[in-house]
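Chemist: My structure is in coords.txt, and what it holds is compact mmCIF, C-alpha atoms and all ligand atoms:
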# COMPACT_ATOMS: atom_id res chain seq x y z
CA MET B 1 -3.32 13.01 49.09
CA MET B 2 -3.25 10.52 46.22
CA LYS B 3 -3.68 11.92 42.74
CA LEU B 4 -5.32 10.08 39.88
CA TYR B 5 -4.73 11.37 36.35
CA TYR B 6 -8.11 10.72 34.93
CA SER B 7 -10.56 11.12 32.12
CA LYS B 8 -14.11 9.84 32.23
CA GLN B 9 -15.06 6.91 30.00
CA SER B 10 -11.49 5.65 30.06
CA ARG B 11 -9.60 2.93 31.88
CA ALA B 12 -9.06 5.48 34.66
CA THR B 13 -12.51 4.67 36.06
CA ARG B 14 -11.13 1.25 37.13
CA PRO B 15 -8.70 2.50 39.81
CA ARG B 16 -11.22 5.16 40.78
CA TRP B 17 -13.78 2.44 41.42
CA VAL B 18 -11.26 0.57 43.62
CA MET B 19 -10.49 3.73 45.58
CA GLU B 20 -14.20 4.31 46.12
CA GLU B 21 -14.69 0.71 47.30
CA LEU B 22 -11.83 1.19 49.76
CA GLY B 23 -13.16 4.56 50.94
CA LEU B 24 -9.87 6.32 50.15
CA GLU B 25 -9.39 10.04 49.79
CA TYR B 26 -8.01 11.10 46.45
CA GLU B 27 -7.73 14.00 44.09
CA ILE B 28 -8.75 13.75 40.45
CA VAL B 29 -6.46 15.44 37.94
CA PRO B 30 -8.70 15.84 34.89
CA MET B 31 -6.97 15.11 31.59
CA ASN B 32 -8.37 16.31 28.29
CA LEU B 33 -7.28 13.62 25.85
CA GLN B 34 -8.83 15.41 22.87
CA ALA B 35 -6.69 18.44 23.63
CA GLY B 36 -3.59 16.25 24.00
CA ASP B 37 -2.89 16.74 27.73
CA GLN B 38 -1.39 13.25 27.77
CA ARG B 39 1.33 14.28 25.31
CA LYS B 40 2.58 17.24 27.35
CA PRO B 41 6.20 16.85 28.52
CA GLU B 42 5.35 17.18 32.22
CA PHE B 43 2.87 14.31 31.93
CA LYS B 44 5.31 12.16 29.93
CA GLU B 45 7.70 12.44 32.86
CA LEU B 46 5.11 10.42 34.79
CA ASN B 47 4.23 8.03 31.97
CA PRO B 48 6.51 8.00 28.93
CA LEU B 49 3.76 6.15 27.01
CA GLY B 50 1.55 9.22 27.36
CA GLN B 51 -1.46 7.28 28.61
CA ILE B 52 -3.83 7.54 31.51
CA PRO B 53 -4.47 6.42 34.17
CA VAL B 54 -1.47 7.28 36.29
CA LEU B 55 -1.58 7.21 40.09
CA GLN B 56 0.66 9.33 42.24
CA ASP B 57 0.78 8.06 45.81
CA HIS B 58 3.29 10.23 47.66
CA GLU B 59 6.62 9.45 46.00
CA ARG B 60 5.26 6.46 44.11
CA VAL B 61 4.12 6.83 40.51
CA ILE B 62 2.24 3.90 38.98
CA CYS B 63 1.07 3.38 35.40
CA GLU B 64 -1.17 0.67 33.91
CA SER B 65 -4.75 0.57 35.14
CA GLY B 66 -4.56 -3.11 36.13
CA ALA B 67 -1.38 -2.54 38.13
CA ILE B 68 -2.84 0.48 39.94
CA CYS B 69 -5.90 -1.52 40.97
CA LEU B 70 -3.88 -4.46 42.29
CA TYR B 71 -1.48 -2.13 44.07
CA LEU B 72 -4.27 -0.24 45.82
CA ALA B 73 -5.92 -3.47 46.95
CA ASP B 74 -2.67 -4.70 48.52
CA ARG B 75 -1.54 -1.39 49.97
CA TYR B 76 -4.76 -0.11 51.56
CA ARG B 77 -7.00 -2.06 53.91
CA PRO B 78 -5.35 -5.29 52.73
CA GLY B 79 -7.76 -8.19 52.53
CA THR B 80 -10.78 -6.01 51.71
CA MET B 81 -10.44 -6.19 47.94
CA ALA B 82 -7.99 -9.06 47.39
CA PRO B 83 -7.70 -12.70 48.51
CA ALA B 84 -4.94 -13.91 50.82
CA LEU B 85 -1.59 -14.24 49.05
CA ASP B 86 -1.77 -18.03 48.87
CA GLN B 87 -5.30 -18.02 47.37
CA ARG B 88 -4.79 -15.97 44.23
CA GLY B 89 -5.24 -18.40 41.34
CA ASP B 90 -8.58 -17.11 40.04
CA TYR B 91 -7.71 -13.55 41.06
CA TYR B 92 -4.54 -13.19 39.03
CA ARG B 93 -5.86 -15.40 36.25
CA PHE B 94 -8.83 -13.18 35.45
CA CYS B 95 -7.09 -9.87 36.10
CA PHE B 96 -4.57 -10.75 33.36
CA TYR B 97 -7.18 -12.46 31.21
CA VAL B 98 -8.91 -9.09 30.84
CA TYR B 99 -5.82 -7.33 29.50
CA ASN B 100 -3.91 -10.07 27.70
CA THR B 101 -6.75 -12.06 26.15
CA LEU B 102 -10.24 -10.51 26.29
CA GLU B 103 -9.45 -6.89 25.49
CA HIS B 104 -7.44 -7.68 22.37
CA GLN B 105 -10.72 -8.46 20.61
CA LEU B 106 -12.64 -5.61 22.25
CA ILE B 107 -10.01 -3.11 21.11
CA GLU B 108 -9.95 -4.50 17.58
CA ILE B 109 -13.72 -4.25 17.30
CA PHE B 110 -13.77 -0.75 18.78
CA LEU B 111 -11.07 0.49 16.39
CA HIS B 112 -12.72 -0.89 13.29
CA THR B 113 -16.31 0.08 14.11
CA ARG B 114 -15.94 3.43 15.86
CA PHE B 115 -12.49 4.84 16.41
CA LEU B 116 -10.68 4.77 13.06
CA PRO B 117 -11.76 7.02 10.17
CA GLU B 118 -14.30 5.15 8.03
CA ASP B 119 -11.99 4.55 5.10
CA GLN B 120 -9.52 2.70 7.35
CA ARG B 121 -12.02 0.34 8.96
CA LYS B 122 -11.75 -3.31 7.99
CA PRO B 123 -15.03 -5.22 8.39
CA GLU B 124 -13.27 -8.57 8.00
CA ARG B 125 -11.16 -7.82 11.07
CA VAL B 126 -14.33 -7.07 13.05
CA ALA B 127 -15.90 -10.34 11.95
CA GLN B 128 -12.83 -12.34 12.95
CA ALA B 129 -12.53 -10.59 16.31
CA LYS B 130 -16.21 -11.16 17.06
CA GLU B 131 -15.83 -14.86 16.41
CA LEU B 132 -12.83 -15.16 18.75
CA LEU B 133 -14.61 -13.05 21.33
CA GLN B 134 -17.41 -15.62 21.73
CA ALA B 135 -15.09 -18.33 23.08
CA ARG B 136 -13.34 -15.82 25.32
CA LEU B 137 -16.59 -14.56 26.83
CA GLN B 138 -17.71 -18.16 27.27
CA ILE B 139 -14.73 -18.77 29.59
CA ILE B 140 -16.00 -16.05 31.94
CA ALA B 141 -19.62 -17.19 31.65
CA ASP B 142 -18.58 -20.76 32.54
CA HIS B 143 -16.55 -19.55 35.49
CA LEU B 144 -19.46 -17.47 36.81
CA ALA B 145 -22.01 -20.24 36.21
CA THR B 146 -21.15 -21.72 39.61
CA ARG B 147 -20.00 -18.53 41.36
CA GLU B 148 -21.36 -15.11 42.16
CA PHE B 149 -17.98 -13.39 41.89
CA ILE B 150 -14.68 -14.06 40.08
CA ALA B 151 -12.46 -14.97 43.04
CA ASP B 152 -12.51 -15.88 46.71
CA GLY B 153 -16.31 -16.23 46.91
CA ARG B 154 -16.76 -12.48 47.30
CA PHE B 155 -16.39 -9.16 45.53
CA THR B 156 -12.72 -8.33 44.81
CA THR B 157 -10.62 -6.19 42.49
CA ALA B 158 -10.88 -8.97 39.90
CA ASP B 159 -14.60 -8.09 39.60
CA VAL B 160 -13.69 -4.43 39.04
CA LEU B 161 -11.43 -5.40 36.12
CA VAL B 162 -13.63 -8.10 34.59
CA GLY B 163 -16.77 -6.04 35.22
CA SER B 164 -15.28 -2.92 33.62
CA ALA B 165 -14.21 -4.81 30.50
CA LEU B 166 -17.63 -6.48 30.21
CA ASP B 167 -19.33 -3.13 30.77
CA TRP B 168 -17.39 -1.80 27.77
CA ALA B 169 -18.28 -4.88 25.71
CA HIS B 170 -21.94 -4.38 26.66
CA MET B 171 -21.84 -0.73 25.57
CA GLN B 172 -20.58 -1.92 22.19
CA GLY B 173 -23.51 -4.36 22.01
CA LEU B 174 -21.27 -7.43 22.22
CA LEU B 175 -22.89 -9.38 25.07
CA GLY B 176 -25.90 -10.44 23.01
CA GLY B 177 -25.45 -14.18 23.48
CA PHE B 178 -24.54 -13.92 27.17
CA PRO B 179 -27.51 -12.88 29.36
CA SER B 180 -25.71 -14.14 32.48
CA LEU B 181 -22.81 -11.76 31.85
CA VAL B 182 -25.24 -8.87 31.33
CA GLY B 183 -26.78 -9.79 34.70
CA TYR B 184 -23.35 -9.83 36.34
CA VAL B 185 -22.49 -6.37 34.95
CA GLU B 186 -25.87 -4.93 35.96
CA LYS B 187 -25.38 -6.26 39.49
CA LEU B 188 -21.93 -4.67 39.78
CA LYS B 189 -23.20 -1.34 38.44
CA LYS B 190 -25.62 -1.12 41.37
CA ARG B 191 -22.71 -0.84 43.79
CA PRO B 192 -22.54 2.67 45.28
CA ALA B 193 -18.76 2.75 44.71
CA TYR B 194 -19.24 2.03 40.99
CA GLN B 195 -21.72 4.88 40.78
CA ARG B 196 -19.51 7.33 42.65
CA ALA B 197 -16.57 6.38 40.41
CA HIS B 198 -18.58 7.26 37.33
CA GLU B 199 -19.77 10.64 38.59
CA THR B 200 -18.43 13.97 37.37
CA GLU B 201 -14.78 14.82 37.85
CA VAL B 202 -14.94 16.61 41.17
CA ALA B 203 -12.25 16.07 43.76
CA HIS B 204 -13.36 13.96 46.68
CA SER B 205 -12.43 14.64 50.23
CA MET I 1 1.07 -29.56 40.06
CA LYS I 2 0.74 -30.03 36.33
CA LEU I 3 1.85 -27.66 33.56
CA PHE I 4 0.54 -27.96 30.02
CA PHE I 5 3.56 -26.86 28.04
CA ALA I 6 4.85 -26.47 24.50
CA PRO I 7 8.41 -25.46 23.62
CA GLN I 8 9.00 -21.97 22.19
CA THR I 9 5.63 -20.62 23.32
CA ARG I 10 4.49 -18.42 26.17
CA ALA I 11 4.57 -21.57 28.30
CA VAL I 12 8.36 -21.22 28.63
CA SER I 13 7.68 -18.46 31.14
CA SER I 14 5.68 -20.77 33.43
CA ARG I 15 8.22 -23.56 33.26
CA TRP I 16 10.94 -21.06 34.09
CA ALA I 17 8.93 -19.86 37.11
CA LEU I 18 8.51 -23.44 38.35
CA GLU I 19 12.23 -24.09 37.91
CA GLU I 20 13.23 -20.90 39.76
CA LEU I 21 11.10 -22.00 42.69
CA ALA I 22 12.23 -25.64 42.41
CA VAL I 23 8.61 -26.79 42.58
CA PRO I 24 8.12 -30.48 41.78
CA HIS I 25 5.72 -30.69 38.86
CA GLU I 26 4.50 -32.82 36.04
CA LEU I 27 5.22 -31.36 32.61
CA VAL I 28 2.72 -32.28 29.90
CA GLN I 29 4.74 -31.66 26.74
CA LEU I 30 2.60 -30.89 23.72
CA LYS I 31 3.49 -30.06 20.14
CA PHE I 32 2.29 -26.64 19.13
CA PRO I 33 -0.27 -26.26 17.67
CA GLU I 34 -1.50 -29.72 16.65
CA GLU I 35 -1.46 -31.33 20.10
CA LEU I 36 -3.39 -28.57 21.85
CA VAL I 37 -6.55 -30.60 21.29
CA HIS I 38 -5.38 -32.71 24.29
CA PRO I 39 -8.65 -33.59 26.15
CA GLU I 40 -7.30 -32.90 29.62
CA LEU I 41 -6.02 -29.47 28.55
CA ARG I 42 -9.38 -28.68 26.92
CA ALA I 43 -11.20 -29.70 30.08
CA ALA I 44 -9.05 -27.37 32.18
CA ASN I 45 -9.00 -24.55 29.62
CA PRO I 46 -11.51 -24.73 26.75
CA LEU I 47 -9.43 -22.21 24.77
CA GLY I 48 -6.84 -24.99 24.54
CA GLN I 49 -3.97 -22.59 25.17
CA VAL I 50 -0.61 -23.07 26.78
CA PRO I 51 0.47 -22.33 29.40
CA THR I 52 -2.27 -23.81 31.58
CA LEU I 53 -1.37 -24.75 35.15
CA VAL I 54 -3.39 -27.16 37.25
CA ASP I 55 -2.66 -27.05 40.97
CA GLY I 56 -5.06 -29.42 42.74
CA ASP I 57 -8.50 -28.09 41.81
CA GLN I 58 -7.15 -24.65 40.94
CA VAL I 59 -6.72 -23.90 37.22
CA VAL I 60 -4.52 -20.93 36.32
CA THR I 61 -4.12 -19.61 32.78
CA GLU I 62 -2.28 -16.52 31.47
CA SER I 63 1.49 -16.71 31.66
CA SER I 64 1.78 -13.52 33.73
CA ALA I 65 -0.86 -14.72 36.19
CA ILE I 66 0.87 -18.09 36.58
CA ALA I 67 4.15 -16.35 37.39
CA LEU I 68 2.64 -14.12 40.08
CA TYR I 69 0.54 -16.97 41.45
CA LEU I 70 3.59 -19.18 41.90
CA ALA I 71 5.63 -16.40 43.52
CA ASP I 72 2.93 -15.96 46.15
CA ARG I 73 2.26 -19.66 46.54
CA PHE I 74 5.95 -20.25 47.36
CA PRO I 75 6.93 -17.08 49.21
CA ALA I 76 10.10 -18.48 50.79
CA ALA I 77 12.01 -17.90 47.54
CA GLY I 78 11.41 -14.16 47.90
CA LEU I 79 10.47 -13.56 44.26
CA ALA I 80 7.65 -11.14 45.13
CA PRO I 81 8.01 -7.93 47.18
CA ALA I 82 6.11 -7.41 50.44
CA GLN I 83 2.41 -6.78 49.95
CA ASP I 84 2.53 -3.02 50.58
CA ARG I 85 5.44 -2.42 48.18
CA ARG I 86 4.19 -3.89 44.96
CA HIS I 87 3.76 -0.78 42.83
CA GLU I 88 6.64 -1.44 40.42
CA TYR I 89 6.13 -5.18 40.51
CA TYR I 90 2.56 -4.98 39.28
CA GLN I 91 3.36 -2.15 36.88
CA TRP I 92 5.94 -4.21 35.02
CA ALA I 93 3.77 -7.31 35.08
CA PHE I 94 1.00 -5.44 33.23
CA PHE I 95 3.33 -3.31 31.10
CA VAL I 96 4.86 -6.33 29.36
CA GLY I 97 1.49 -7.72 28.26
CA ALA I 98 -0.23 -4.42 27.49
CA ALA I 99 2.51 -2.19 26.08
CA MET I 100 5.05 -4.61 24.56
CA GLU I 101 3.50 -7.91 23.57
CA PRO I 102 0.88 -6.71 21.06
CA HIS I 103 3.57 -5.09 18.88
CA LEU I 104 5.89 -8.08 19.15
CA LEU I 105 3.08 -10.46 18.24
CA GLU I 106 2.08 -8.35 15.24
CA TYR I 107 5.68 -8.25 14.04
CA PHE I 108 5.98 -12.02 14.46
CA LEU I 109 2.77 -12.67 12.53
CA GLN I 110 3.73 -10.33 9.69
CA THR I 111 7.30 -11.64 9.31
CA VAL I 112 7.21 -15.31 10.37
CA ARG I 113 3.86 -16.90 11.02
CA PHE I 114 1.80 -15.75 8.06
CA SER I 115 2.43 -17.12 4.58
CA GLU I 116 4.36 -14.75 2.32
CA ALA I 117 1.18 -13.85 0.46
CA GLU I 118 -0.60 -12.84 3.66
CA ARG I 119 2.21 -10.67 5.02
CA ASP I 120 1.83 -6.93 5.08
CA SER I 121 5.20 -5.19 5.16
CA ALA I 122 3.73 -1.85 6.22
CA ARG I 123 2.15 -3.47 9.28
CA ALA I 124 5.42 -5.25 10.07
CA ALA I 125 7.37 -1.98 9.89
CA SER I 126 4.88 -0.13 12.04
CA ALA I 127 4.88 -2.91 14.66
CA LYS I 128 8.68 -2.91 14.78
CA GLU I 129 8.78 0.83 15.25
CA LYS I 130 6.23 0.73 18.07
CA PHE I 131 8.01 -2.15 19.77
CA GLU I 132 11.33 -0.34 19.62
CA ARG I 133 9.81 2.81 21.06
CA VAL I 134 8.60 0.87 24.10
CA LEU I 135 11.84 -1.12 24.37
CA GLN I 136 13.63 2.20 24.63
CA ILE I 137 11.69 2.92 27.84
CA VAL I 138 12.82 -0.42 29.26
CA ASN I 139 16.39 0.19 28.10
CA HIS I 140 16.43 3.50 29.92
CA HIS I 141 15.03 1.90 33.08
CA LEU I 142 17.70 -0.80 33.05
CA ALA I 143 20.60 1.63 32.55
CA ASP I 144 21.29 1.73 36.29
CA ARG I 145 19.64 -1.48 37.48
CA GLN I 146 20.56 -5.16 37.43
CA TYR I 147 16.95 -6.27 37.40
CA LEU I 148 13.58 -4.60 36.88
CA LEU I 149 13.14 -3.91 40.60
CA GLY I 150 16.77 -3.01 41.31
CA ASP I 151 19.42 -5.34 42.70
CA GLN I 152 17.18 -8.31 43.23
CA PHE I 153 15.85 -10.76 40.71
CA SER I 154 12.05 -11.13 41.00
CA MET I 155 9.16 -12.80 39.22
CA VAL I 156 8.61 -9.83 36.90
CA ASP I 157 12.04 -10.58 35.42
CA VAL I 158 10.64 -13.96 34.38
CA ILE I 159 7.74 -12.18 32.68
CA LEU I 160 9.93 -9.67 30.84
CA GLY I 161 12.75 -12.14 30.20
CA SER I 162 10.45 -14.59 28.45
CA LEU I 163 9.22 -11.87 26.13
CA LEU I 164 12.79 -10.75 25.44
CA GLY I 165 13.68 -14.33 24.55
CA TRP I 166 11.08 -14.17 21.82
CA ALA I 167 12.19 -10.68 20.71
CA SER I 168 15.80 -11.83 20.62
CA MET I 169 14.94 -14.66 18.21
CA LEU I 170 13.44 -12.01 15.95
CA LYS I 171 16.65 -9.94 16.28
CA LEU I 172 14.83 -7.04 17.87
CA LEU I 173 17.22 -6.43 20.76
CA ASP I 174 20.15 -5.23 18.67
CA GLY I 175 21.22 -1.72 19.59
CA PHE I 176 19.56 -1.74 23.02
CA GLU I 177 22.64 -1.90 25.18
CA HIS I 178 21.14 -2.19 28.65
CA VAL I 179 18.38 -4.54 27.57
CA GLY I 180 21.05 -6.70 25.91
CA ALA I 181 23.19 -6.85 29.05
CA TYR I 182 20.12 -7.60 31.17
CA TYR I 183 19.00 -10.34 28.84
CA LYS I 184 22.41 -11.99 29.00
CA ARG I 185 22.31 -11.82 32.80
CA ILE I 186 18.99 -13.56 33.13
CA TYR I 187 19.52 -15.93 30.23
CA SER I 188 22.46 -17.44 32.10
CA ARG I 189 20.20 -18.57 34.94
CA PRO I 190 19.95 -22.38 35.03
CA ALA I 191 16.17 -22.23 35.44
CA PHE I 192 15.78 -20.24 32.21
CA GLN I 193 18.22 -22.51 30.38
CA LYS I 194 16.22 -25.54 31.37
CA ALA I 195 12.86 -24.00 30.45
CA ALA I 196 14.05 -22.72 27.08
CA ALA I 197 15.92 -25.88 26.09
N1 LIG B 301 -2.62 -0.58 29.28
C1 LIG B 301 -2.93 0.76 29.66
C2 LIG B 301 -3.68 1.44 28.54
C3 LIG B 301 -3.95 2.88 28.82
C4 LIG B 301 -4.67 3.58 27.69
O1 LIG B 301 -4.75 3.09 26.56
N2 LIG B 301 -5.20 4.76 28.01
C5 LIG B 301 -5.92 5.55 27.05
C6 LIG B 301 -7.26 5.97 27.61
S1 LIG B 301 -8.26 4.55 28.03
C7 LIG B 301 -5.14 6.82 26.76
O2 LIG B 301 -4.58 7.43 27.65
N3 LIG B 301 -5.09 7.21 25.49
C8 LIG B 301 -4.44 8.43 25.11
C9 LIG B 301 -3.46 8.24 24.00
O3 LIG B 301 -3.05 7.09 23.76
O4 LIG B 301 -3.09 9.24 23.41
C10 LIG B 301 -3.76 0.76 30.93
O5 LIG B 301 -4.51 -0.19 31.13
O6 LIG B 301 -3.63 1.68 31.75
N1 LIG B 302 -2.33 -14.28 27.09
C1 LIG B 302 -2.01 -15.70 27.10
C2 LIG B 302 -1.78 -16.17 25.69
C3 LIG B 302 -1.61 -17.64 25.58
C4 LIG B 302 -1.46 -18.10 24.14
O1 LIG B 302 -1.90 -17.43 23.21
N2 LIG B 302 -0.79 -19.25 23.97
C5 LIG B 302 -0.54 -19.75 22.63
C6 LIG B 302 0.86 -20.31 22.56
S1 LIG B 302 2.07 -19.05 22.72
C7 LIG B 302 -1.52 -20.85 22.34
O2 LIG B 302 -1.66 -21.78 23.12
N3 LIG B 302 -2.23 -20.75 21.21
C8 LIG B 302 -3.13 -21.76 20.77
C9 LIG B 302 -4.48 -21.23 20.47
O3 LIG B 302 -4.77 -20.05 20.78
O4 LIG B 302 -5.28 -21.98 19.91
C10 LIG B 302 -0.77 -15.96 27.97
O5 LIG B 302 0.05 -15.03 28.14
O6 LIG B 302 -0.65 -17.05 28.52
Go through the file and emit its structure as structure tokens.

Modeler:
Amino acid sequence: MMKLYYSKQSRATRPRWVMEELGLEYEIVPMNLQAGDQRKPEFKELNPLGQIPVLQDHERVICESGAICLYLADRYRPGTMAPALDQRGDYYRFCFYVYNTLEHQLIEIFLHTRFLPEDQRKPERVAQAKELLQARLQIIADHLATREFIADGRFTTADVLVGSALDWAHMQGLLGGFPSLVGYVEKLKKRPAYQRAHETEVAHS
Amino acid sequence: MKLFFAPQTRAVSSRWALEELAVPHELVQLKFPEELVHPELRAANPLGQVPTLVDGDQVVTESSAIALYLADRFPAAGLAPAQDRRHEYYQWAFFVGAAMEPHLLEYFLQTVRFSEAERDSARAASAKEKFERVLQIVNHHLADRQYLLGDQFSMVDVILGSLLGWASMLKLLDGFEHVGAYYKRIYSRPAFQKAAA
């Protein structure tokens, strides 16, 4: 059975959501990040960066949450969660947009408002990131103004990635000026697979 | 197909991908950053960033997305693995942007882009150290491989190679033997030469 190295409220919920959408069987390996499970040598054999999620699918080991999601969508029940190979412009565009453009600001804001010790937080960096974030959220709002989903006219893995990042932005109170994006996130969160993926860490069978 | 391009930016990657696939295309050459106000670029991508690819009515942004999109759009070249064997392919595609690029960008800003007064040498040193730690992982991976996926060049080599081109200008590849040999191997490809010219 596939194994997902996982902690709740982390990027590991993204591949878990995809596995739930696909109806796959998997085992959750709970990781206690506070206790430093991710820095143990046996885990660093799987991911030398010492980060979750990691997916073990028989002899295959895959790191990077975005990569795991795209892999699953192509490997299992192909076509269910991903467009045809020659129709992937919006799909790839927004999957990478999440990681290589949008999340840079979300991470910066998170670090300097919550994560770092108070004396290391830099309010000017938060202000700058928030300003950049507006234009970057606007790109997604414009794209969704004429569409219900990100790619292919239907729900795909791109919605899992964009939706998860926007969900995080919403939790940080950053979607204020974008009611349509709040509506999009709320709609995705009603999906049974989203809800199952955010349940407690019990193994599914 | 039309590529909004500027030399010595992330757009080199997309031009390289087009050249590898020998796709006929129109190159809209812009000077970075002053010409990024180009109205047609802004209409396609309001962020005004390069690369931006326009393929009929499909707009694709994000250098890594453009590379993967083109590999799948022109499958005959064989630059993407079969659909059920894409674990390493996707992993490297995301790894470059998520684990490597932020440190390289920070180092570039703190040593080149910012004015001397704005530079923070502690941040530069920390970025260099983090980048080198990740580069060590890549170096180890390449010790017994010609390319990221093994014996065969693929589109993720375009993604990594473009980033290494940038790192090499900043002299960050010194001392990484296998990365150095790999970079030489891919740098000699005519498609890369043309894109980086
Ligand atoms: N780019 C990676 C980032 C992974 C990441 O940052 N994981 C965090 C949890 S969301 C982690 O494992 N942090 C533990 C640590 O860095 O010590 C991905 O998307 O999978
Ligand atoms: N994540 C994007 C980043 C694109 C990007 O930042 N491009 C730069 C040139 S290297 C740019 O156009 N900057 C102009 C701006 O942001 O205004 C990618 O990989 O394509």

Chemist: Can you check which residues of chain I have any atom within 8 Å of chain B? Use only C-alpha atoms and format it as an NGL selection string.

Modeler: :I and (46-47 or 58-62 or 64-66 or 68-69 or 72-73 or 83-88 or 90-91 or 93-95 or 97-98 or 134 or 137)

Chemist: When distances are computed from only C-alpha atoms and all ligand atoms, which of I:Arg133, I:Arg119, I:Lys2, I:Arg42 shows the smallest separation from ligand LIG 302 (chain B)?

Modeler: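 Going through I:Arg133, I:Arg119, I:Lys2, I:Arg42 one by one, the smallest distance to ligand LIG 302 (chain B) is for I:Arg42.
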
Chemist: Residues within 6 Å of ligand LIG 302 (chain B) should be enumerated using all atoms listed in the file and returned as a CSV table (one decimal) with C-alpha atoms, keeping the file's coordinate frame.

Modeler:
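Listed below is the output, part.csv:
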chain,number,residue,atom,x,y,z
B,100,ASN,CA,-3.9,-10.1,27.7
B,101,THR,CA,-6.8,-12.1,26.2
I,9,THR,CA,5.6,-20.6,23.3
I,10,ARG,CA,4.5,-18.4,26.2
I,48,GLY,CA,-6.8,-25.0,24.5
I,49,GLN,CA,-4.0,-22.6,25.2
I,50,VAL,CA,-0.6,-23.1,26.8
I,51,PRO,CA,0.5,-22.3,29.4
I,62,GLU,CA,-2.3,-16.5,31.5
I,63,SER,CA,1.5,-16.7,31.7

Chemist: Would you kindly return, as a ChimeraX atom specification, each protein, DNA or RNA residue with an atom no farther than 6 Å from any atom of His103 (chain I), considering all atoms listed in the file and excluding same-chain residues fewer than 2 positions away?

Modeler: /I:100-101,105-106,127,131

Chemist: Go through I:Ala125, I:Ala11, I:Ala99, I:Ala197 and flag the residue nearest ligand LIG 301 (chain B), using all atoms listed in the file for the distances.

Modeler: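 That would be I:Ala99, the residue with the smallest distance to ligand LIG 301 (chain B).
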
Chemist: Smallest atom-to-atom distance to ligand LIG 301 (chain B): which of B:Ala82, B:Leu181, B:Leu175, B:Ile107, using all atoms listed in the file?

Modeler: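 Between B:Ala82, B:Leu181, B:Leu175, B:Ile107, the residue approaching ligand LIG 301 (chain B) most closely is B:Ile107.
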
Chemist: If you measure from CA of Ser154 (chain I) to CA of Leu18 (chain I), what distance in Å do you get, rounded to one decimal?

Modeler: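 Going from CA of Ser154 (chain I) over to CA of Leu18 (chain I) covers 13.1 Å.
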
Chemist: Which residue, B:Val18, B:Leu174, B:Gln51, B:Arg191, has the smallest gap to Ile109 (chain B) when you use all atoms listed in the file?

Modeler: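 Closest candidate: B:Leu174.
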
Chemist: Skip region 167-172 of chain I itself and residues of its chain fewer than 2 positions away, then list as a list in words all residues within 8 Å of it, counting all atoms listed in the file.

Modeler: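 The residues satisfying every condition are Leu104, Phe108, Glu132, Leu163, Leu164, Gly165 and Asp174 of chain I.
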
Chemist: List as a VMD selection string the protein and nucleic acid residues near Arg121 (chain B), meaning an atom at most 12 Å away when only C-alpha atoms are counted, but skip any in the same chain fewer than 3 places from it.

Modeler: chain B and resid 108 to 118 124 to 127

Chemist: Between I:Ala44, I:Met1, I:Ala76, I:Val96, single out the one closest to ligand LIG 301 (chain B), counting only C-alpha atoms and all ligand atoms.

Modeler: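 Looking at the shortest contact to ligand LIG 301 (chain B), the residue is I:Val96.
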
Chemist: CA of Gly50 (chain B) and CA of Ser126 (chain I) are how many Å apart?

Modeler: 18.3 Å

Chemist: Let me make sure I understand: among I:Leu149, I:Pro7, I:Ala67, I:Pro102, which one has the smallest atom-to-atom distance to ligand LIG 301 (chain B) if we use only C-alpha atoms and all ligand atoms?

Modeler: I:Pro102

Chemist: Just the number, please: distance in Å from CA of Ala196 (chain I) to CA of Leu53 (chain I), one decimal.

Modeler: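 Those two atoms sit 17.5 Å apart.
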
Chemist: Taking all atoms of ligand LIG 301 (chain B) that the file lists and extending 4 Å past them on each side, where is the centre of the axis-aligned box and how long are its edges? Answer in Å to one decimal, as lines of an AutoDock Vina configuration file.

Modeler:
center_x = -5.4
center_y = 4.3
center_z = 27.6
size_x = 13.6
size_y = 17.8
size_z = 16.3

Chemist: List every protein, DNA or RNA residue that has at least one atom no more than 12 Å from (-15.9, -3.3, 30.5) in the file's coordinates, counting all atoms listed in the file, and write the result as a short mmCIF file (atom, residue, chain, number, x, y, z; two decimals) with C-alpha atoms, in the frame of the given file.

Modeler:
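Result file follows (point31.cif):
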data_model
loop_
_atom_site.label_atom_id
_atom_site.label_comp_id
_atom_site.auth_asym_id
_atom_site.auth_seq_id
_atom_site.Cartn_x
_atom_site.Cartn_y
_atom_site.Cartn_z
CA GLN B 9 -15.06 6.91 30.00
CA SER B 10 -11.49 5.65 30.06
CA ARG B 11 -9.60 2.93 31.88
CA ALA B 12 -9.06 5.48 34.66
CA THR B 13 -12.51 4.67 36.06
CA ARG B 14 -11.13 1.25 37.13
CA VAL B 98 -8.91 -9.09 30.84
CA TYR B 99 -5.82 -7.33 29.50
CA LEU B 102 -10.24 -10.51 26.29
CA GLU B 103 -9.45 -6.89 25.49
CA LEU B 106 -12.64 -5.61 22.25
CA ILE B 107 -10.01 -3.11 21.11
CA LEU B 137 -16.59 -14.56 26.83
CA ASP B 159 -14.60 -8.09 39.60
CA VAL B 160 -13.69 -4.43 39.04
CA LEU B 161 -11.43 -5.40 36.12
CA VAL B 162 -13.63 -8.10 34.59
CA GLY B 163 -16.77 -6.04 35.22
CA SER B 164 -15.28 -2.92 33.62
CA ALA B 165 -14.21 -4.81 30.50
CA LEU B 166 -17.63 -6.48 30.21
CA ASP B 167 -19.33 -3.13 30.77
CA TRP B 168 -17.39 -1.80 27.77
CA ALA B 169 -18.28 -4.88 25.71
CA HIS B 170 -21.94 -4.38 26.66
CA MET B 171 -21.84 -0.73 25.57
CA GLN B 172 -20.58 -1.92 22.19
CA GLY B 173 -23.51 -4.36 22.01
CA LEU B 174 -21.27 -7.43 22.22
CA LEU B 175 -22.89 -9.38 25.07
CA LEU B 181 -22.81 -11.76 31.85
CA VAL B 182 -25.24 -8.87 31.33
CA TYR B 184 -23.35 -9.83 36.34
CA VAL B 185 -22.49 -6.37 34.95
CA GLU B 186 -25.87 -4.93 35.96
CA LEU B 188 -21.93 -4.67 39.78
CA LYS B 189 -23.20 -1.34 38.44
#
